[in-house]
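Written below as structure tokens is the structure these notes are about.
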Amino acid sequence: MTGGARGFYALDLGVATTSAALIGRVAGRLRLLGALSLPSGSPVDALIAALTDRFAGADPDLAADLQTDASHRWPRLTARSTPAAGLAVIAATERSLAPLVLAGQRTGWRVRSASAERLDPLALTGPLLDRDVRAVLVGAAAPAAADERGALGQLAALTAAAATRRPELVIILAGAMAEQAARFEASQDRAGGVLLGPAATAGTPPGTTLRELLTRVRGGADESRPAFALGIGALAAALERRVEGIEIGLDGGVRVHAGPGRSDDAHSLQWAVHASGGLVPTEPDEASIDGVLAWSTVRLDRHRTRDRLRDLRLVPWGSVAGEGATFRLAAARAAIARLVAATPELSALPPADIVVVAGGAFAVAPGPAIALAVADVVRRPGAVQLAYDHARLLAPLGTIGAAPQRTAVVADMASDLLVPLGSVIMPQGMRAGRSGGRLVVHGSAGSSELELLPGGLELVDLPPGETAVAEFQFRDAVRLGTRGRHFAVDVAGGLGGLLVDLRDIPLRLPDRPDRRREVLAAWQEALWMGGDR
Amino acid sequence: MSGPTDVRAVRRTGPVIPPGIELVPARRLVEPTVDAWLPLRPGDRPRVTAGQSVVPGMPLADRVRDVRLLDVPARPGGQPGERWSAPAPRDGSGRPRAHSEGEMLFEANGRWWIAAGDDHEPVHAPVEGIVREVRPGVGLVIRTAGSAVPGVLALGDAARGRLEIATDADGELRPRSLDVGSAGAVLVVGARIDAEALTRARAMGIRGVVVATLPGKDRRDYLASEARQRSAIHQLSPFAVLVLHGSQRRPIAEAEMRLLERLAGREVGILGSPPALLFDPQGVPPELDRPGTVHVRSGPLAGRRGQWAGLVGPRRFAGGTHLEAALVRFAADPPIALPIGDLERLT
């Protein structure tokens with residue numbers, strides 16, 4: 001904090017949601033004093049004023065102590081989401097195109113791709129002249145492979161011609177294509193600029209360097225999803241735990257995996273932003289409709305599902321009461337599933353100790369229902385704590401430039417930062433059709449015992465702040481981190497308590513839509529009081 | 001961290017309105033001007049230049065229907081996007097024969113690559129305005145002369161006609177209700193319309209339809225019908241559909257409907273990109289909401305407008321959701337709590 005301010009505001013300006021959090025220094029520590037989220041379009045200053053007034057009304061003494069009447073001079077940490085923009089990716093061959101496309105997709109661009117191997121120059125020119133395309137990535141291996149060398153000159157000429165017509169286009173020449181930079185000298189004073197980038201596989205892990213460049217081109221230093229990744233990295237460093245972050249917004253999603261090392265180290269922090277991980281695709285296709293229908297507890301045909309998705313895209317905060325809330329959470333589940341499917345490299349990493357969910361997709365659902373949604377889709381055998389970035393703080397805190405300072409602020413706020421949703425224990429390999437064993441939960445108020453029924457979802461009441469030891473005695477050997485029959489797991493409470501998830505990994509649901517809805521509704525009913533009504 | 005601004009000043013200045021209403025997102029009911037976008041593809045031939053005035057029906061470009069790629073020896077000069085034509089060959093009697101011409105794409109290895117075609121169809125100006133920008137192969141922008149009511153989707157060509165109110169805001173126009181007397185008109189058809197009625201309207205010479213919502217199935221059926229018509233006959237008369245609010249049935253919002261009623265009988269246009277209803281604002285003074293008016297943009301009361309009665313903070317709504325809410329009074333009824341996400345202000 002600067003200028004003697006006793007607090008600051010953390011702002012997350014999403015495509016659909018505007019969030020503000022009020023943070024003050026209380027008894028030598030940074031504390032979250034309040035947070036408010038509203039549809040984007042709500043003026044930020046009005047949001048901050050309402051938030052501050054609400055806090056001052058709730059605790060006038062502390063407000064006076066913090067001098068909130070001067071809070072209009074407090075600093076603001078701002079993260080903002082840039083709507084996903086178009087990136088045309090072209091290369092000489094399909095083989096060299098694939099890693100370039102992956103780099104574009106993993107950095108949140110809406111990618112249109114084409115190769116000279118498949119298309120003629122006229123068809124290749126089309127995407128470059130499309131006004132929805134903001135940047136062009138034209139690349140080759142370094143050094144160029146034998147089968148692409150002959151086409152590089154023509155590709156560069158074609159791209160340079162498009163750059164002349166569209167001065168606002170950002171041109172990125174990657175790998176051996178950078179040798180063609182002389183062709184772009186005539187257009188050096190263009191608004192868009194010509195950038196030389198590394199090959200698609202350069203860096204450690206491979207692809208890191210090009211992805212960093214594409215991330216910079218897509219948004220500024222305050223871009224929300226990369227900042228969220230850095231925030232997760234800082235959290236992992238502060239807690240010295242492995243943390244996975246999943247953020248789902250209207251126009252994209254990010255999945256982060258952070259180890260307890262340095263919070264900005266590429267080895268301990270890996271992440272991918274995907275436009276396909278957004279709550280609602282720009283134009284829902286058949287696959288995205290199938291994805292939502294698979295999770296929907298609302299009886300809808302395909303046409304009405306498409307209509308609801310289109311309207312959700314137009315007015316993301318509209319009609320979110322009643323059925324709308326459960327439909328929105330079904331769309332969020334589908335978005336998480338798309339994001340997980342698009343990031344197999346992150347699924348291959350060791351399981352996280354804590355999974356943090358965030359984003360406007362979850363803004364209207366109760367905490368326990370969010371926990372179930374995550375457990376439904378992110379299915380890995382083991383035990384994990386779930387938490388929710390309810391005040392949307394991680395992205396704004398991730399914009400703090402210096403890694404040590406970022407980690408220090410996150411560590412200072414660790415107890416306020418997240419709402420604990422609960423713990424999920426997910427064994428794999430239980431045999432269906434008979435009792436799978438017994439569970440005894442040893443908590444501060446005593447012990448409770450329950451039978452483990454394969455395929456079921458057991459809930460144990462364990463409030464936020466409580467810890468317990470869950471002692472499992474399985475009839476047969478299962479996989480729960482390691483393989484065995486007897487496990488004792490430390491668990492932490494949360495809004496959803498302890499979820500003992502004995503369902504299949506991956507989850508298998510009935511094929512018949514009505515039966516599937518019944519099963520989903522039964523699971524959800526236990527965690528969403530009044531849902532669907 | 002960014003520099004601070006005075007958040008209190010926002011509340012101390014401006015017109016006196018009930019506290020909290022500033023949290024409700026605001027949008028414009030009428031845009032004073034619009035930049036219409038008409039896409040062009042490589043090979044298309046623009047027929048206007050930046051700064052030129054255009055009127056509806058004026059040819060803007062020739063769209064090439066059979067674009068193909070040529071490569072010709074490079075010659076000095078020439079820029080991508082410029083026109084190219086082959087030296088006119090002559091027949092045995094010395095008269096010039098038809099010759100190729102097209103758009104220069106790029107130069108490589110001593111040759112120019114050209115997007116060329118022989119078969120063109122004209123693209124006409126949908127609106128009156130001034131051409132702001134012409135980018136061969138990309139598109140052109142026309143700054144329209146009129147004001148615009150924004151919609152969320154437009155189908156078909158840009159079209160013009162006399163505005164007629166065919167139903168009330170919550171009505172629905174059936175195919176058999178269409179009247180041939182409406183030929184040449186742009187009809188306001190209420191909450192929704194189906195593909196059959198749209199197809200019939202086009203066949204009857206109606207120029208356009210303004211509707212609150214169009215379900216995805218009807219949208220797809222109509223577009224398929226239009227595509228069939230296009231492949232069967234050479235050119236269709238202009239017909240456009242403007243969707244004001246979305247896909248799921250709801251009435252036309254009160255504010256929009258009142259404006260449409262005031263525009264009835266006037267010449268209006270439907271624009272595709274951005275989707276909007278264009279009109280001449282002369283003689284249609286803006287009708288401003290009185291302070292404290294809010295409009296319901298979604299939910300069961302979508303389309304209605306009421307008076308802001310104060311912010312109430314988080315409230316539990318159906319489905320067990322807790323949402324920031326406000327009290328809104330409709331007519332003389334007691335105020336009811338609505339999620340702020342369902343509200344908007346119109347300016």
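In the structure tokens, chains take the letters A, B, ... in the order shown, each chain's residues start at 1, and ligands count up from 1 in the order shown.
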**Request:** Can you list, as a PyMOL selection string, all residues belonging to region 318-398 of chain A that DSSP tags as strand (DSSP E or B)?
**Result:** chain A and resi 354-358+382-388
**Message:** I need the contact residues of chain A against chain B, so if you could list those with any atom within 8 Å, counting only C-alpha atoms, and return them as a VMD selection string, that would help.
**Reply:** chain A and resid 38 to 43 45 to 50 72 to 78 122 126 129 to 131 153 to 154 157 to 158 161 to 162 164 to 165 303 to 304 306 to 308 310 to 311 314 to 315 317 to 323 325 to 326 364 to 366 400 528 to 533
Could the residues in this selection be saved with C-alpha atoms as a short mmCIF file (atom, residue, chain, number, x, y, z; two decimals), in the first residue's frame?
data_model
loop_
_atom_site.label_atom_id
_atom_site.label_comp_id
_atom_site.auth_asym_id
_atom_site.auth_seq_id
_atom_site.Cartn_x
_atom_site.Cartn_y
_atom_site.Cartn_z
CA LEU A 38 -22.53 -7.37 -10.15
CA PRO A 39 -23.08 -7.65 -13.89
CA SER A 40 -20.44 -5.94 -15.99
CA GLY A 41 -21.73 -2.56 -17.00
CA SER A 42 -22.32 -1.62 -13.40
CA PRO A 43 -20.07 1.42 -12.90
CA ASP A 45 -17.05 3.68 -8.82
CA ALA A 46 -20.65 3.06 -7.82
CA LEU A 47 -19.81 -0.53 -6.94
CA ILE A 48 -16.92 0.58 -4.74
CA ALA A 49 -19.05 3.25 -3.07
CA ALA A 50 -21.82 0.73 -2.31
CA HIS A 72 -11.66 7.19 -2.63
CA ARG A 73 -7.92 7.87 -2.48
CA TRP A 74 -7.05 4.25 -1.77
CA PRO A 75 -5.10 2.38 -4.42
CA ARG A 76 -6.76 -0.17 -6.66
CA LEU A 77 -5.40 -3.46 -7.88
CA THR A 78 -7.17 -4.18 -11.12
CA LEU A 122 -6.53 -17.63 -51.88
CA GLY A 126 -9.24 -15.42 -46.18
CA LEU A 129 -8.34 -10.49 -43.99
CA ASP A 130 -11.15 -11.44 -41.60
CA ARG A 131 -11.76 -8.43 -39.38
CA GLY A 153 8.81 -17.43 -49.01
CA GLN A 154 5.30 -17.59 -50.39
CA ALA A 157 4.78 -12.78 -49.04
CA LEU A 158 1.13 -13.61 -48.50
CA ALA A 161 0.51 -8.44 -48.27
CA ALA A 162 -2.22 -8.91 -45.66
CA THR A 164 -0.14 -3.98 -45.83
CA ARG A 165 -3.92 -4.11 -46.18
CA HIS A 303 -33.37 -26.59 -29.49
CA ARG A 304 -34.38 -25.06 -26.19
CA ARG A 306 -29.37 -23.94 -27.61
CA ASP A 307 -31.78 -21.03 -27.11
CA ARG A 308 -31.04 -20.86 -23.40
CA ARG A 310 -27.59 -18.13 -26.59
CA ASP A 311 -29.58 -16.02 -24.15
CA LEU A 314 -26.34 -12.34 -24.32
CA VAL A 315 -27.32 -11.66 -20.70
CA TRP A 317 -26.65 -12.42 -15.28
CA GLY A 318 -30.20 -12.64 -16.56
CA SER A 319 -32.78 -15.15 -15.32
CA VAL A 320 -30.36 -16.75 -12.86
CA ALA A 321 -32.96 -17.40 -10.19
CA GLY A 322 -34.87 -20.69 -10.08
CA GLU A 323 -34.18 -23.13 -12.91
CA ALA A 325 -29.29 -21.17 -11.61
CA THR A 326 -29.14 -24.94 -12.07
CA VAL A 364 -24.83 -17.49 -8.20
CA ALA A 365 -24.47 -21.09 -6.99
CA PRO A 366 -24.24 -22.03 -3.31
CA ILE A 400 1.34 -7.47 -8.20
CA TRP A 528 -28.31 -27.37 -3.02
CA MET A 529 -31.21 -26.60 -0.73
CA GLY A 530 -34.14 -25.36 -2.79
CA GLY A 531 -32.42 -25.91 -6.13
CA ASP A 532 -34.65 -26.32 -9.22
CA ARG A 533 -37.53 -24.69 -7.40
#
**Prompt:** Do you have the CA of Val243 (chain A)-CA of Arg380 (chain A) distance handy?
**Reply:**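 Straight-line distance from CA of Val243 (chain A) to CA of Arg380 (chain A) works out to 14.2 Å.
Close contacts of Thr199 (chain B), defined as residues with an atom at most 8 Å away when counting only C-alpha atoms, with chain neighbours fewer than 2 positions off set aside, comprise Ala195, Glu196, Ala197, Ala201, Arg202, Ala203, Tyr222, Ser225 and Glu226 of chain B.
Shortest separation to Ser182 (chain B) among B:Gly57, B:Gly310, B:Gly265, B:Gly110 occurs at residue B:Gly265, atoms counted being only C-alpha atoms.
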**Item:** Atomic distance CA of Leu87 (chain A) - CA of Ser113 (chain A), expressed in Å with one decimal
**Value:**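 So the answer is 8.2 Å.
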**Prompt:** Just how far from CA of Leu527 (chain A) is CA of His442 (chain A), in Å to one decimal?
**Reply:**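 If I compute the distance from CA of His442 (chain A) to CA of Leu527 (chain A), I get 22.2 Å.
When DSSP is run on the backbone, the residues of region 377-499 of chain A that fall into alpha helix (DSSP H) are Val377, Leu394, Ala395, Pro396, Leu397, Gly398, Ala403, Pro404, Gln405, Arg406, Thr407, Ala408, Val409, Val410, Ala411, Asp412, Met413, Ala414, Ser415, Asp416 and Leu417 of chain A.
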For those residues, write C-alpha atoms to a file as an mmCIF file, in the first residue's frame.
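See result-v4.cif below for the written result:
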data_model
loop_
_atom_site.group_PDB
_atom_site.id
_atom_site.type_symbol
_atom_site.label_atom_id
_atom_site.label_comp_id
_atom_site.auth_asym_id
_atom_site.auth_seq_id
_atom_site.Cartn_x
_atom_site.Cartn_y
_atom_site.Cartn_z
ATOM 1 C CA VAL A 377 -16.054 -33.305 -13.501
ATOM 2 C CA LEU A 394 -6.584 -14.048 -6.792
ATOM 3 C CA ALA A 395 -6.485 -12.335 -10.178
ATOM 4 C CA PRO A 396 -6.058 -8.790 -8.810
ATOM 5 C CA LEU A 397 -3.414 -10.009 -6.349
ATOM 6 C CA GLY A 398 -1.723 -11.787 -9.256
ATOM 7 C CA ALA A 403 6.796 -12.327 -7.005
ATOM 8 C CA PRO A 404 8.037 -12.022 -3.369
ATOM 9 C CA GLN A 405 5.625 -9.166 -2.642
ATOM 10 C CA ARG A 406 2.781 -11.058 -4.323
ATOM 11 C CA THR A 407 3.466 -14.143 -2.231
ATOM 12 C CA ALA A 408 3.722 -12.042 0.933
ATOM 13 C CA VAL A 409 0.336 -10.386 0.336
ATOM 14 C CA VAL A 410 -1.310 -13.722 -0.479
ATOM 15 C CA ALA A 411 0.241 -15.316 2.610
ATOM 16 C CA ASP A 412 -0.970 -12.430 4.769
ATOM 17 C CA MET A 413 -4.504 -12.821 3.435
ATOM 18 C CA ALA A 414 -4.533 -16.614 3.209
ATOM 19 C CA SER A 415 -7.203 -17.084 5.856
ATOM 20 C CA ASP A 416 -9.623 -14.631 4.167
ATOM 21 C CA LEU A 417 -8.819 -15.318 0.585
#
**Request:** Excluding region 276-284 of chain B and any residue of its chain fewer than 5 positions from it, enumerate the residues within 10 Å of it, using only C-alpha atoms, and give them as a count of residues only.
**Result:** 38
**Prompt:** Of the candidates B:Asp157, B:Glu103, B:Glu82, B:Glu261, which one gets nearest to Ala240 (chain B) if we count only C-alpha atoms?
**Reply:** B:Asp157
**Prompt:** Leaving out Leu33 (chain A) and any residue of its chain fewer than 5 positions from it, which residues lie within 7 Å of it when counting only C-alpha atoms, given as a ChimeraX atom specification?
**Reply:** /A:22-24,55
